[in-house]
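Read the structure below first, then the notes.
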Amino acid sequence: MSVKTMLKFVSGLMAWGMSSAALAAWEVNMPVGVTEISREVHGLHMLIFWVCVAIGVVVFGAMFYSVFAHRKSRHPKPADFHESTLVEIIWTIIPFGILIAMAIPAAGTLIRMEDTRGTDMTVKITGYQWKWQYEYMDHDISYFSTLDAKSNEARRLGSGIDPATVDNYLLEVDNRLVLPVGKKVRFLLTSNDVIHAWWVPDLAVKKDAVPGYINEMWTQIDEPGIYRGQCAELCGRDHGFMPVVVEAVSQEDFDAWVAGKTGGAQEAAAEEAVAEEPAEASVEAAAEPEEAPAAEQVAAAEAPAAEPAAAEMSKDELMASGEKVYQTYCSACHQAGGEGLPPAFPALKGSAIATGDQAAHIDIVLNGKNAMTPFGGTLNDEQLAAVITYERNAWGNDTGDVVQPAQIKAAR
Amino acid sequence: MSQNSTADTYYVPAGSSWPFLMTIALVIFVSGFGHMLNEDMSFGRIAFFTGLGFIIVMTFVWLRGVIHESESGKYNMQVDRTYRWSMGWFIFSEVMFFGAFFGALFYARILSVPWVAGAGPELMTNEVLWKGFEAVWPTNGPADMGGEFSTIPAWGVPFLNTLILLTSGVTCTFAHHGLKEGNHRKATIWLAATVALGCGFLFFQAEEYIEAYSHLNLTLESGIYGSTFFMLTGFHGMHVTLGTIMLIIIMFRCAKGHFTEDRHFGFEGVAWYWHFVDVVWIGLFIFVYVV
Amino acid sequence: MSHADTHDAHDDHHHGPVTLKDGFVPWALRWIGTTNHKDLGTLYLIFAFTMFFIGGVMSLIIRAELFQPGMQLVSPEFFNSMTTMHALVMIFGGVMPGFVGLANWMVPLMIGAGDLALPRVNNWGFWILPFAFTLLLSTLFMDGGGPASGWTMYPPLVLQTGDALPFVIFAIHLMGISSITGAINVIVTILNLRAPSMTLLKMPLFVWTWLITAYLLIAVMPVLAGAVTMLLTDRYFGTSFFTAAGGGDPVMFQHIFWFFGHPEVYILILPAFGIVSTIIPTFARKALFGYDSMVYATASIAFLSFIVWAHHMFTVGMPVAGELFFMFATMLIAVPTGVKVFNWIATMWRGSMTFETPMLFAVGFVFLFTIGGFSGLMLAIAPADFQYHDSYFVVAHFHYVLVPGAVFSIIAGVYYWIPKWTGVMYSEFWGKVHFWLSAIFINVTFFPQHFVGLAGMPRRIPDYNGQFADFNWISTVGAFAFFLAQFIFIFNMMRCMARKGEKATDRVWEGAHGLEWTVPSPAPYHTFEVPPEQISIPEDELTAVHDEFDALDGHKLT
Ligand code: HEA
Ligand code: HEA
Ligand code: CUA
Ligand SMILES: [Cu+2]
């Protein structure tokens with residue numbers, strides 16, 4: 001029998017899989033989650049699931065009974081009925097009734113989910129190719145959240161690193177979104193480039209981040225813990241590599257975290273003052289002329305040279321920090337050795353632009369082109385100057401050029 | 001119902017390589033266009049114009065073949081009905097094509113522009129991203145895309161063009177009456193009038209575009225207004241051009257004495273098309289210019 | 001009118017079409033220029049088969065990369081273009097031309113027409129396809145790679161495509177021309193070329209479902225053309241349809257796309273309903289139950305399909321009233337679809353069934369499509385869809401309706417009618433082996449995807465966390481096995497085409513009725529030069545099969 005054979009086969013495979021040192025528990029269902037809403041959604045999901053199972057049992061039961069009992073060998077003479085308005089009406093009305101019974105609780109949950117009134121705090125989430133920015137609107141906190149370095153290294157084609165050795169492979173970030181439990185948190189969701197979607201299954205929250213528009217959603221987490229999710233809308237090559245990690249903590253821990261963040265942000269703020277740049281240059285891609293993405297915070301962690309922007313930098317300095325920036329932001333496409341992945345991603349090693357006119361080089365990195373991401377909004381002047389200098393001198397490009405932050409500032 | 005009265009055999013044309021050649025022409029044309037868009041002009045231009053020329057030639061050859069078959073009496077009433085149905089549903093598909101652009105226009109006017117200005121659930125969109133932008137129509141959006149522009153007043157040239165197209169619908173009907181009376185001369189003259197009106201429309205439309213680009217700073221780049229304005233009027237203009245060419249062909253056929261009092265679907269098909277173009281214009285006039 | 005009109009210029013001297021024996025050039029010219037619906041049906045089917053193969057290889061590349069965590073084979077960019085191309089090739093190159101091929105072959109035979117209404121346009125519609133797909137596939141080798149933003153082509157992402165973008169768009173325009181001309185042809189053939197006694201409510205259901213499908217096509221393909229045209233101008237001519245800064249909205253594209261896209265998925269399933277509704281009565285030896293309500297249900301599904309599109313967009317941030325409307329409207333589709341499922345089962349009920357290969361695939365269809373329908377219904381529940389959306393649960397849903405749905409129906413149709421086309425029987429043994437392998441491995445492939453989806457695996461990702469590893473390798477194994485099983489099908493069909501095998505009777509199937517079975521097998525090159533008088537197998541022949549069969553001719557007569 002088809003079902004039986006199939007089930008046997010599948011369960012056989014399953015048993016084998018389980019014994020073969022399975023990596024994690026066999027998750028086969030939607031998580032119940034840690035919010036009121038997520039539990040409601042899970043309940044709805046189970047309700048429709050069982051309704052479908054019940055209908056399936058009846059329908060397939062009838063079908064397979066017929067397949068068994070009304071085959072020619074057992075039932076050589078076919079009946080000749082072929083019409084009945086009454087049964088047609090019956091099997092129109094009954095499913096209709098079942099659907100109404102499902103629609104009512106679904107509508108209730110939906111309306112509750114969309115009710116963003118009465119929230120205690122607001123976090124603005126901005127999607128970038130391929131990271132998230134979190135801005136706490138009520139506290140002066142803002143930072144980026146990217147795939148953690150270990151996963152990022154292991155996920156390269158031919159990296160030779162076994163993903164099984166990386167904790168929370170692809171589901172860990174450098175800076176988590178920290179939220180207090182028991183508070184109704186409102187999210188304002190938007191994007192800087194293409195559409196992304198912010199999704200954490202345990203919170204039953206998923207919404208698209210649409211450039212130029214703000215979507216609202218909310219959550220209220222009941223239990224402290226770490227909840228992981230991923231970007232859920234195709235957003236380009238690294239769509240699979242922009243996880244979301246929420247760390248829910250008690251109110252006290254949250255307050256302490258906020259204090260640490262805002263205190264420690266002093267120097268970053270100072271830096272911000274100099275690096276403050278209108279992102280006008282990327283209007284086309286970003287469509288957000290009034291927003292100056294605060295990339296500086298993360299930059300502070302990565303770029304060791306935190307001098308004021310206008311200062312001249314030495315070539316060595318530029319090359320050193322340029323290499324870092326390159327490996328973080330550019331090597332995904334242009335590869336570590338600058339050889340690119342033609343035809344999709346051109347080689348920079350020996351490329352006409354990277355060895356030719358400086359202005360063209362600065363322009364393409366600032367403003368992007370086709371699949372080349374505009375970095376004007378993401379990187380600051382020093383970082384850009386550094387990476388461009390690096391590209392013009394690494395891998396035998398040896399132009400000897402030095403590009404200074406001031407030139408970038410001028411080119412914006 | 002499907003039985004035809006004049007013939008008892010199905011008509012199936014012999015094999016033909018026109019469709020295949022037409023396909024090749026189309027492919028050359030689009031690959032040329034694609035290369036031009038990718039700024040590969042040398043190959044692009046050559047292929048674009050070769051393809052275009054080839055398409056025109058093939059259209060001509062194909063149509064001539066069909067006209068020849070028709071005139072040599074190969075078509076029975078069933079074939080006639082086939083052409084009627086086909087033309088009707090083809091026009092329906094064209095309506096749906098315009099529907100996509102009208103849909104975009106309504107969406108922008110009723111939803112996206114008010115949203116960017118903070119309407120309904122999108123309050124924060126305005127507060128956080130586009131502070132200070134207010135919903136007006138016409139608009140080129142909060143980023144003032146393409147710079148300040150002014151619009152073409154509805155009651156000037158566009159109104160004139162409305163009158164022209166409506167009149168051309170009437171002259172076209174007169175031509176039809178001519179044919180039904182078997183008066184080919186009358187039909188030809190009224191067709192010529194229709195063609196002239198079509199050309200007039202196109203002339204004014206071109207003037208309007210020149211005015212928009214050179215004086216009003218209204219361009220394709222003028223935000224959502226410019227986009228919808230030029231796409232709708234532009235595709236309509238292309239259809240008027242096509243319609244006019246078809247009218248010219250029919251005019252010559254009429255002059256040569258093609259068509260009979262009761263069998264002249266070639267004419268009717270073009271007339272339907274012309275009326276469709278007319279109706280689309282009314283929609284355009286109301287929703288793009290007036291409201 | 002002379003009969004010569006209906007013949008190729010070349011075949012005056014002998015009956016039937018030009019073959020390779022007449023030389024290569026005449027033979028090639030015959031196929032290039034053919035206006036014969038059977039030739040074109042064959043071409044369409046061969047084309048669809050080729051595309052299924054290419055799309056299948058692409059799906060194997062996807063599955064191979066997903067075999068285990070970590071990036072092993074391809075770059076993420078290439079992975080995304082494989083996903084995109086796989087879908088475009090399967091939908092526009094595989095399933096749609098497959099159905100058109102069956103319509104070409106069978107609609108004229110079923111309604112007693114000599115050919116399609118516009119044979120030359122039919123030829124055009126076919127020949128556009130190989131060129132359009134060559135263009136589409138060639139973009140994989142262009143600067144910037146192939147399109148990689150999913151078959152849904154959402155801006156702004158799609159606008160980041162490299163040189164490929166205009167060619168992808170033009171390829172879609174060309175496919176649109178092909179589909180629209182094909183659809184007009186089907187509509188006009190059905191409305192205008194039926195045999196005199198073939199009234200609308202006597203038409204076989206395959207003809208009905210195709211008629212309705214054709215209406216869907218002419219209504220939505222132009223809308224898709226408009227949508228991609230706006231992409232083109234946004235990218236190259238500075239318009240701002242999909243940019244907020246200019247007053248547009250990226251989400252507007254999604255509305256227009258899905259206004260096309262949802263009816264499109266019914267374009268992919270309604271002809272399948274028709275095929276199954278034709279096959280089940282034959283092998284149950286019992287008339288289709290509820291013929292009229294089947295027709296009305298099909299029409300209702302088509303109508304509803306126009307007002308549910310935003311169920312693909314529950315997460316874009318629509319006003320809640322919109323979400324409620326689209327949720328309710330979507331759920332409603334379960335009602336007419338349910339009517340169809342119930343009618344099929346009622347047809348089988350107390351019939352006298354045998355399970356030749358077409359019937360196996362048809363029964364497999366009813367079972368597995370319904371499972372896909374159930375998961376569709378789950379997706380329709382908006383609050384739950386927030387969890388399912390863009391996860392592998394969705395991938396599982398649509399593959400259940402598309403592969404054991406649409407593709408199984410095409411396979412069933414081919415097995416069912418190939419004896420009529422070639423005059424020889426396929427190998428029943430290998431047909432059955434093909435069915436069982438397909439039915440088993442399609443479930444191995446796609447059932448586990450429900451689980452990973454629910455557990456939180458997003459779609460369109462080339463790599464994933466170890467927690468999803470086990471179901472993914474199972475799915476990959478299933479996909480390879482399913483793919484390999486299709487070679488049995490190729491072998492079986494080639495055998496028929498080479499005319500090797502048992503000679504088929506005209507009737508072919510004991511329970512078959514309907515006009516196509518009254519003509520010889522293989523069906524003569526020009527079947528009906530005049531409209532036939534009789535529109536189905538005569539009653540006395542039916543009586544010979546079964547006493548109780550007398551009052552029926554496969555359609556409602558009472
Ligand atoms: C052949 C193609 C096909 C068909 C027939 C369907 C049928 C249905 N689909 Fe599916 N769908 C797709 C192809 C198809 N779909 C594709 C390709 C996508 C993804 C596109 C993309 O994003 O790439 C998709 C995605 C998709 C979504 C969006 C998911 C998301 O992205 O979040 C939704 C949501 O509502 C949905 C719903 C439905 C429903 C309600 C049906 C209904 O028609 C099903 C009705 C059938 C039944 C319900 C079973 C039989 C009925 C009974 C036995 C009666 C009794 C039953 C009850 C009362 C429960 N589909
Ligand atoms: C009709 C449509 C169709 C078909 C048949 C298939 C078939 C298959 N699909 Fe696909 N798929 C889609 C439509 C289809 N798919 C769509 C729309 C998407 C979404 C894309 C996106 O996200 O943008 C998708 C995405 C998709 C994904 C997700 C990718 C991602 O999100 O990154 C995966 C992964 O496993 C997958 C796998 C498969 C596999 C293993 C098959 C196997 O079944 C393939 C094996 C099949 C064959 C070899 C063909 C067999 C047919 C015949 C033999 C018939 C013969 C015909 C004639 C005689 C004419 N598909
Ligand atoms: Cu961001 Cu996907
Ligand atoms: Cu849908």
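Here, A, B, ... name the chains of the structure tokens in the order displayed, residue numbers run from 1 inside each chain, and ligands are numbered from 1 in the same displayed order.
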
Check: segment 141-209 of chain B: which residues are alpha helix (DSSP H) by DSSP, as a ChimeraX atom specification?
Finding: /B:157-180,184-209

Counting only C-alpha atoms and all ligand atoms, which residues of chain C sit at most 10 Å from some atom of ligand 3, and what is each one's closest atom pair with its distance in Å to one decimal, listed by chain and rising residue number, as a Markdown table?
| residue | atom | partner | partner_atom_place_in_ligand_line | distance |
| --- | --- | --- | --- | --- |
| C:Pro458 | CA | ligand 3 | 2 (Cu) | 9.2 |
| C:Arg459 | CA | ligand 3 | 2 (Cu) | 9.8 |
| C:Arg460 | CA | ligand 3 | 2 (Cu) | 8.8 |
| C:Ile461 | CA | ligand 3 | 2 (Cu) | 8.7 |

Write the residues of the preceding selection, restricted to N, CA and C atoms, as a tab-separated table (two decimals), in the first residue's frame.
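And here is the file that came out, again.tsv:
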chain	number	residue	atom	x	y	z
C	458	PRO	N	14.61	29.19	6.81
C	458	PRO	CA	14.09	30.05	5.75
C	458	PRO	C	14.35	29.43	4.38
C	459	ARG	N	13.56	29.83	3.38
C	459	ARG	CA	13.83	29.36	2.03
C	459	ARG	C	14.89	30.24	1.38
C	460	ARG	N	15.35	29.85	0.22
C	460	ARG	CA	16.33	30.60	-0.57
C	460	ARG	C	17.63	30.84	0.18
C	461	ILE	N	18.05	29.89	1.00
C	461	ILE	CA	19.36	30.02	1.63
C	461	ILE	C	20.23	28.85	1.19

Taking only C-alpha atoms and all ligand atoms into account, produce a table as JSON lines in which each residue of chain C with an atom at most 6 Å from an atom of ligand 2 appears once, together with its shortest atom pair and the distance in Å to one decimal, ordered by chain and rising number.
{"residue": "C:Leu45", "atom": "CA", "partner": "ligand 2", "partner_atom_place_in_ligand_line": "59 (C)", "distance": 4.4}
{"residue": "C:Ala48", "atom": "CA", "partner": "ligand 2", "partner_atom_place_in_ligand_line": "59 (C)", "distance": 4.7}
{"residue": "C:Phe49", "atom": "CA", "partner": "ligand 2", "partner_atom_place_in_ligand_line": "59 (C)", "distance": 4.1}
{"residue": "C:Phe52", "atom": "CA", "partner": "ligand 2", "partner_atom_place_in_ligand_line": "49 (C)", "distance": 4.5}
{"residue": "C:Phe53", "atom": "CA", "partner": "ligand 2", "partner_atom_place_in_ligand_line": "48 (C)", "distance": 5.1}
{"residue": "C:Gly56", "atom": "CA", "partner": "ligand 2", "partner_atom_place_in_ligand_line": "48 (C)", "distance": 4.2}
{"residue": "C:Ser59", "atom": "CA", "partner": "ligand 2", "partner_atom_place_in_ligand_line": "38 (C)", "distance": 4.7}
{"residue": "C:Leu60", "atom": "CA", "partner": "ligand 2", "partner_atom_place_in_ligand_line": "40 (C)", "distance": 5.9}
{"residue": "C:Ile62", "atom": "CA", "partner": "ligand 2", "partner_atom_place_in_ligand_line": "34 (C)", "distance": 5.8}
{"residue": "C:Arg63", "atom": "CA", "partner": "ligand 2", "partner_atom_place_in_ligand_line": "35 (O)", "distance": 5.1}
{"residue": "C:Thr83", "atom": "CA", "partner": "ligand 2", "partner_atom_place_in_ligand_line": "29 (C)", "distance": 5.1}
{"residue": "C:Thr84", "atom": "CA", "partner": "ligand 2", "partner_atom_place_in_ligand_line": "23 (O)", "distance": 4.7}
{"residue": "C:Ala87", "atom": "CA", "partner": "ligand 2", "partner_atom_place_in_ligand_line": "16 (C)", "distance": 4.1}
{"residue": "C:Met90", "atom": "CA", "partner": "ligand 2", "partner_atom_place_in_ligand_line": "2 (C)", "distance": 4.5}
{"residue": "C:Ile91", "atom": "CA", "partner": "ligand 2", "partner_atom_place_in_ligand_line": "1 (C)", "distance": 4.6}
{"residue": "C:Val95", "atom": "CA", "partner": "ligand 2", "partner_atom_place_in_ligand_line": "1 (C)", "distance": 5.6}
{"residue": "C:Gly98", "atom": "CA", "partner": "ligand 2", "partner_atom_place_in_ligand_line": "59 (C)", "distance": 4.8}
{"residue": "C:Gly150", "atom": "CA", "partner": "ligand 2", "partner_atom_place_in_ligand_line": "23 (O)", "distance": 3.4}
{"residue": "C:Trp151", "atom": "CA", "partner": "ligand 2", "partner_atom_place_in_ligand_line": "23 (O)", "distance": 4.0}
{"residue": "C:Thr152", "atom": "CA", "partner": "ligand 2", "partner_atom_place_in_ligand_line": "23 (O)", "distance": 5.9}
{"residue": "C:His399", "atom": "CA", "partner": "ligand 2", "partner_atom_place_in_ligand_line": "15 (N)", "distance": 5.9}
{"residue": "C:Leu402", "atom": "CA", "partner": "ligand 2", "partner_atom_place_in_ligand_line": "1 (C)", "distance": 5.0}
{"residue": "C:Val403", "atom": "CA", "partner": "ligand 2", "partner_atom_place_in_ligand_line": "5 (C)", "distance": 4.8}
{"residue": "C:Val407", "atom": "CA", "partner": "ligand 2", "partner_atom_place_in_ligand_line": "51 (C)", "distance": 5.8}
{"residue": "C:Ile411", "atom": "CA", "partner": "ligand 2", "partner_atom_place_in_ligand_line": "54 (C)", "distance": 5.6}
{"residue": "C:Arg459", "atom": "CA", "partner": "ligand 2", "partner_atom_place_in_ligand_line": "31 (O)", "distance": 3.9}
{"residue": "C:Arg460", "atom": "CA", "partner": "ligand 2", "partner_atom_place_in_ligand_line": "32 (O)", "distance": 3.0}
{"residue": "C:Ile461", "atom": "CA", "partner": "ligand 2", "partner_atom_place_in_ligand_line": "32 (O)", "distance": 5.1}
{"residue": "C:Ala479", "atom": "CA", "partner": "ligand 2", "partner_atom_place_in_ligand_line": "40 (C)", "distance": 4.4}
{"residue": "C:Phe483", "atom": "CA", "partner": "ligand 2", "partner_atom_place_in_ligand_line": "48 (C)", "distance": 4.6}
{"residue": "C:Gln486", "atom": "CA", "partner": "ligand 2", "partner_atom_place_in_ligand_line": "53 (C)", "distance": 5.0}

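Around ligand 4, the neighbouring residues within 7 Å, taking only C-alpha atoms and all ligand atoms, come to C:Gly261, C:His262, C:Val265, C:Val308, C:Trp309, C:His311, C:His312.
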
Checklist line | Close residues, Ala245 of chain C itself excluded, 7 Å, only C-alpha atoms, min 3 positions apart in chain, as a ChimeraX atom specification | finding: /A:212,287 /B:141-143

Same residues, N, CA, C and O atoms, output as a PDB file, in the first residue's frame:
ATOM      1  N   GLY A 212      12.317  52.737   2.593  1.00  0.00           N
ATOM      2  CA  GLY A 212      11.458  53.902   2.384  1.00  0.00           C
ATOM      3  C   GLY A 212      10.152  53.844   3.141  1.00  0.00           C
ATOM      4  O   GLY A 212       9.384  54.797   3.128  1.00  0.00           O
ATOM      5  N   ALA A 287      17.335  55.641  -0.734  1.00  0.00           N
ATOM      6  CA  ALA A 287      16.078  56.355  -0.701  1.00  0.00           C
ATOM      7  C   ALA A 287      15.782  56.881   0.681  1.00  0.00           C
ATOM      8  O   ALA A 287      14.684  56.784   1.178  1.00  0.00           O
TER       9      ALA A 287
ATOM     10  N   GLY B 141       7.473  62.863  -5.196  1.00  0.00           N
ATOM     11  CA  GLY B 141       7.941  62.150  -4.024  1.00  0.00           C
ATOM     12  C   GLY B 141       8.741  63.022  -3.082  1.00  0.00           C
ATOM     13  O   GLY B 141       9.140  64.129  -3.414  1.00  0.00           O
ATOM     14  N   PRO B 142       8.987  62.501  -1.880  1.00  0.00           N
ATOM     15  CA  PRO B 142       9.652  63.272  -0.845  1.00  0.00           C
ATOM     16  C   PRO B 142      11.076  63.679  -1.219  1.00  0.00           C
ATOM     17  O   PRO B 142      11.590  64.662  -0.701  1.00  0.00           O
ATOM     18  N   ALA B 143      11.719  62.919  -2.108  1.00  0.00           N
ATOM     19  CA  ALA B 143      13.097  63.284  -2.448  1.00  0.00           C
ATOM     20  C   ALA B 143      13.121  64.263  -3.611  1.00  0.00           C
ATOM     21  O   ALA B 143      14.183  64.590  -4.121  1.00  0.00           O
TER      22      ALA B 143
END

Notebook entry, point to check: Within 6 Å of ligand 1, counting only C-alpha atoms and all ligand atoms: which residues, as number ranges by chain?
Noted result: A: 52, 95, 98-99; C: 265-266, 268-269, 311-312, 330-331, 333-335, 337-338, 341, 370, 373-374, 376-377, 379-380, 385, 388-390, 394, 398, 401-402

Expected file contents, prior selection, N, CA and C atoms, as a short mmCIF file (atom, residue, chain, number, x, y, z; two decimals), in the first residue's frame:
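Contents of selection33.cif, as written:
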data_model
loop_
_atom_site.label_atom_id
_atom_site.label_comp_id
_atom_site.auth_asym_id
_atom_site.auth_seq_id
_atom_site.Cartn_x
_atom_site.Cartn_y
_atom_site.Cartn_z
N CYS A 52 -7.20 19.58 9.38
CA CYS A 52 -6.80 18.99 8.11
C CYS A 52 -6.60 17.49 8.24
N PRO A 95 -17.63 21.97 4.44
CA PRO A 95 -16.31 22.62 4.49
C PRO A 95 -16.44 24.12 4.79
N ILE A 98 -16.72 24.53 8.42
CA ILE A 98 -15.43 24.29 9.08
C ILE A 98 -14.52 25.51 8.93
N LEU A 99 -14.55 26.08 7.74
CA LEU A 99 -13.68 27.23 7.49
C LEU A 99 -14.06 28.40 8.38
N VAL C 265 -0.75 30.27 -10.49
CA VAL C 265 -0.66 28.93 -9.91
C VAL C 265 -1.90 28.09 -10.25
N TYR C 266 -3.02 28.75 -10.49
CA TYR C 266 -4.17 27.96 -10.94
C TYR C 266 -4.08 27.63 -12.41
N LEU C 268 -1.48 26.60 -13.50
CA LEU C 268 -0.67 25.39 -13.41
C LEU C 268 -1.44 24.20 -12.87
N ILE C 269 -2.67 24.41 -12.40
CA ILE C 269 -3.35 23.26 -11.82
C ILE C 269 -4.69 22.96 -12.50
N HIS C 311 -2.32 37.02 -0.26
CA HIS C 311 -1.92 36.02 0.74
C HIS C 311 -0.44 35.67 0.62
N HIS C 312 0.19 36.11 -0.46
CA HIS C 312 1.64 35.93 -0.56
C HIS C 312 2.38 37.06 0.15
N THR C 330 -8.99 33.70 0.60
CA THR C 330 -8.14 32.55 0.30
C THR C 330 -8.74 31.27 0.85
N MET C 331 -9.24 31.35 2.07
CA MET C 331 -9.81 30.14 2.66
C MET C 331 -10.97 29.62 1.83
N ILE C 333 -11.30 29.34 -1.23
CA ILE C 333 -10.93 28.50 -2.38
C ILE C 333 -10.97 27.03 -2.01
N ALA C 334 -10.82 26.73 -0.72
CA ALA C 334 -10.87 25.32 -0.32
C ALA C 334 -12.23 24.70 -0.67
N VAL C 335 -13.28 25.52 -0.71
CA VAL C 335 -14.62 24.96 -0.93
C VAL C 335 -14.77 24.38 -2.33
N THR C 337 -12.46 23.65 -4.43
CA THR C 337 -11.45 22.61 -4.64
C THR C 337 -11.88 21.33 -3.95
N GLY C 338 -12.48 21.50 -2.78
CA GLY C 338 -13.00 20.33 -2.07
C GLY C 338 -14.06 19.63 -2.92
N VAL C 341 -12.38 17.41 -5.33
CA VAL C 341 -11.82 16.20 -4.72
C VAL C 341 -12.94 15.20 -4.40
N THR C 370 -4.04 16.90 -2.60
CA THR C 370 -4.87 17.30 -1.47
C THR C 370 -4.01 17.62 -0.25
N GLY C 373 -2.88 20.90 -0.81
CA GLY C 373 -3.98 21.85 -0.59
C GLY C 373 -4.17 22.12 0.89
N PHE C 374 -4.05 21.08 1.70
CA PHE C 374 -4.18 21.29 3.14
C PHE C 374 -3.11 22.26 3.64
N GLY C 376 -1.71 24.47 1.96
CA GLY C 376 -2.11 25.78 1.43
C GLY C 376 -3.11 26.44 2.35
N LEU C 377 -4.06 25.65 2.81
CA LEU C 377 -5.06 26.20 3.71
C LEU C 377 -4.42 26.69 5.00
N LEU C 379 -1.44 27.86 5.24
CA LEU C 379 -0.76 29.12 4.91
C LEU C 379 -1.75 30.28 4.82
N ALA C 380 -2.98 29.95 4.49
CA ALA C 380 -3.96 31.02 4.32
C ALA C 380 -4.31 31.70 5.64
N ASP C 385 0.59 32.24 9.08
CA ASP C 385 1.49 32.45 7.95
C ASP C 385 2.68 33.32 8.32
N TYR C 388 4.97 30.71 8.91
CA TYR C 388 5.32 29.85 7.78
C TYR C 388 6.03 30.61 6.67
N HIS C 389 5.67 31.88 6.53
CA HIS C 389 6.06 32.60 5.32
C HIS C 389 7.56 32.56 5.09
N ASP C 390 7.94 32.38 3.82
CA ASP C 390 9.34 32.33 3.43
C ASP C 390 10.14 31.30 4.20
N VAL C 394 6.57 26.62 3.13
CA VAL C 394 5.98 27.10 1.88
C VAL C 394 6.54 26.30 0.70
N PHE C 398 4.18 24.24 -1.98
CA PHE C 398 3.97 24.41 -3.42
C PHE C 398 4.58 23.28 -4.23
N VAL C 401 1.76 20.71 -4.49
CA VAL C 401 0.75 20.97 -5.51
C VAL C 401 1.34 20.98 -6.91
N LEU C 402 2.65 21.28 -7.01
CA LEU C 402 3.23 21.40 -8.35
C LEU C 402 3.78 20.08 -8.88
#

Next item on the list: Determine which residues of chain A sit within 6 Å of chain C, taking into account only C-alpha atoms, and present them as a PyMOL selection string.
Entry: chain A and resi 6+24+27-30+41+63+66+70-72+75-79+82-83+110+155+157+163+169-170+194+206-208+212+215+232+237+240+287+343-344+370-371

Notebook entry, point to check: If you count only C-alpha atoms, which residues fall within 12 Å of Phe487 of chain C, apart from same-chain ones fewer than 6 positions away, as a VMD selection string?
Noted result: chain C and resid 49 52 to 53 56 430 to 431 433 to 435 437 to 438 480 to 481 493 to 494

Next item on the list: For atom CA of Phe60 of chain A and atom CA of Tyr415 of chain C, quote the distance in Å rounded to one decimal.
Entry: 24.4 Å

Next item on the list: Would you mind telling me which residue in B:Gly44, B:Gly266, B:Gly118, B:Gly257 lies nearest to Lys186 of chain B when using only C-alpha atoms?
Entry: B:Gly257

Checklist line | Near-Val277 of chain B list (12 Å; only C-alpha atoms; drop same-chain fewer than 4 positions) as an MDAnalysis selection string | finding: chainID B and resid 91:92 94:95 98 162 165:166 168:169 198 201 232:233 235:244 270:273 281:284

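Closest to chain B among A:Thr190, A:Ser151, A:Gln358, A:Ser159 is A:Thr190, based on only C-alpha atoms.
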
Next item on the list: Kindly indicate which residue among B:Ala119, B:Ile46, B:Ala192, B:Ile286 lies nearest to chain A, using only C-alpha atoms for the distances.
Entry: B:Ala119

Margin query: Need to verify the contact set: Met425 of chain C, 7 Å, only C-alpha atoms, exclusion of same-chain residues closer than 4 positions in sequence. Can you return it as a PyMOL selection string?
Written below: chain C and resi 419+496+501-504

Note to self: For a quick check of understanding, using only C-alpha atoms, which of A:Asp363, A:Glu36, A:Glu247, A:Asp115 has the smallest distance to chain B?
What the structure shows: A:Asp115

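Minimum atom-to-atom distance to His176 of chain B, evaluated using only C-alpha atoms, belongs to B:Gly269 out of B:Pro153, B:Gly147, B:Gly234, B:Gly269.
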
Margin query: For Leu218 of chain B, find every residue with an atom within 8 Å (counting only C-alpha atoms), except residues of its own chain fewer than 4 positions away, and show them as a PyMOL selection string.
Written below: chain B and resi 149-151+212-213+222+226

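Between atom CA of Glu533 of chain C and atom CA of Phe206 of chain C there is a distance of 20.8 Å.
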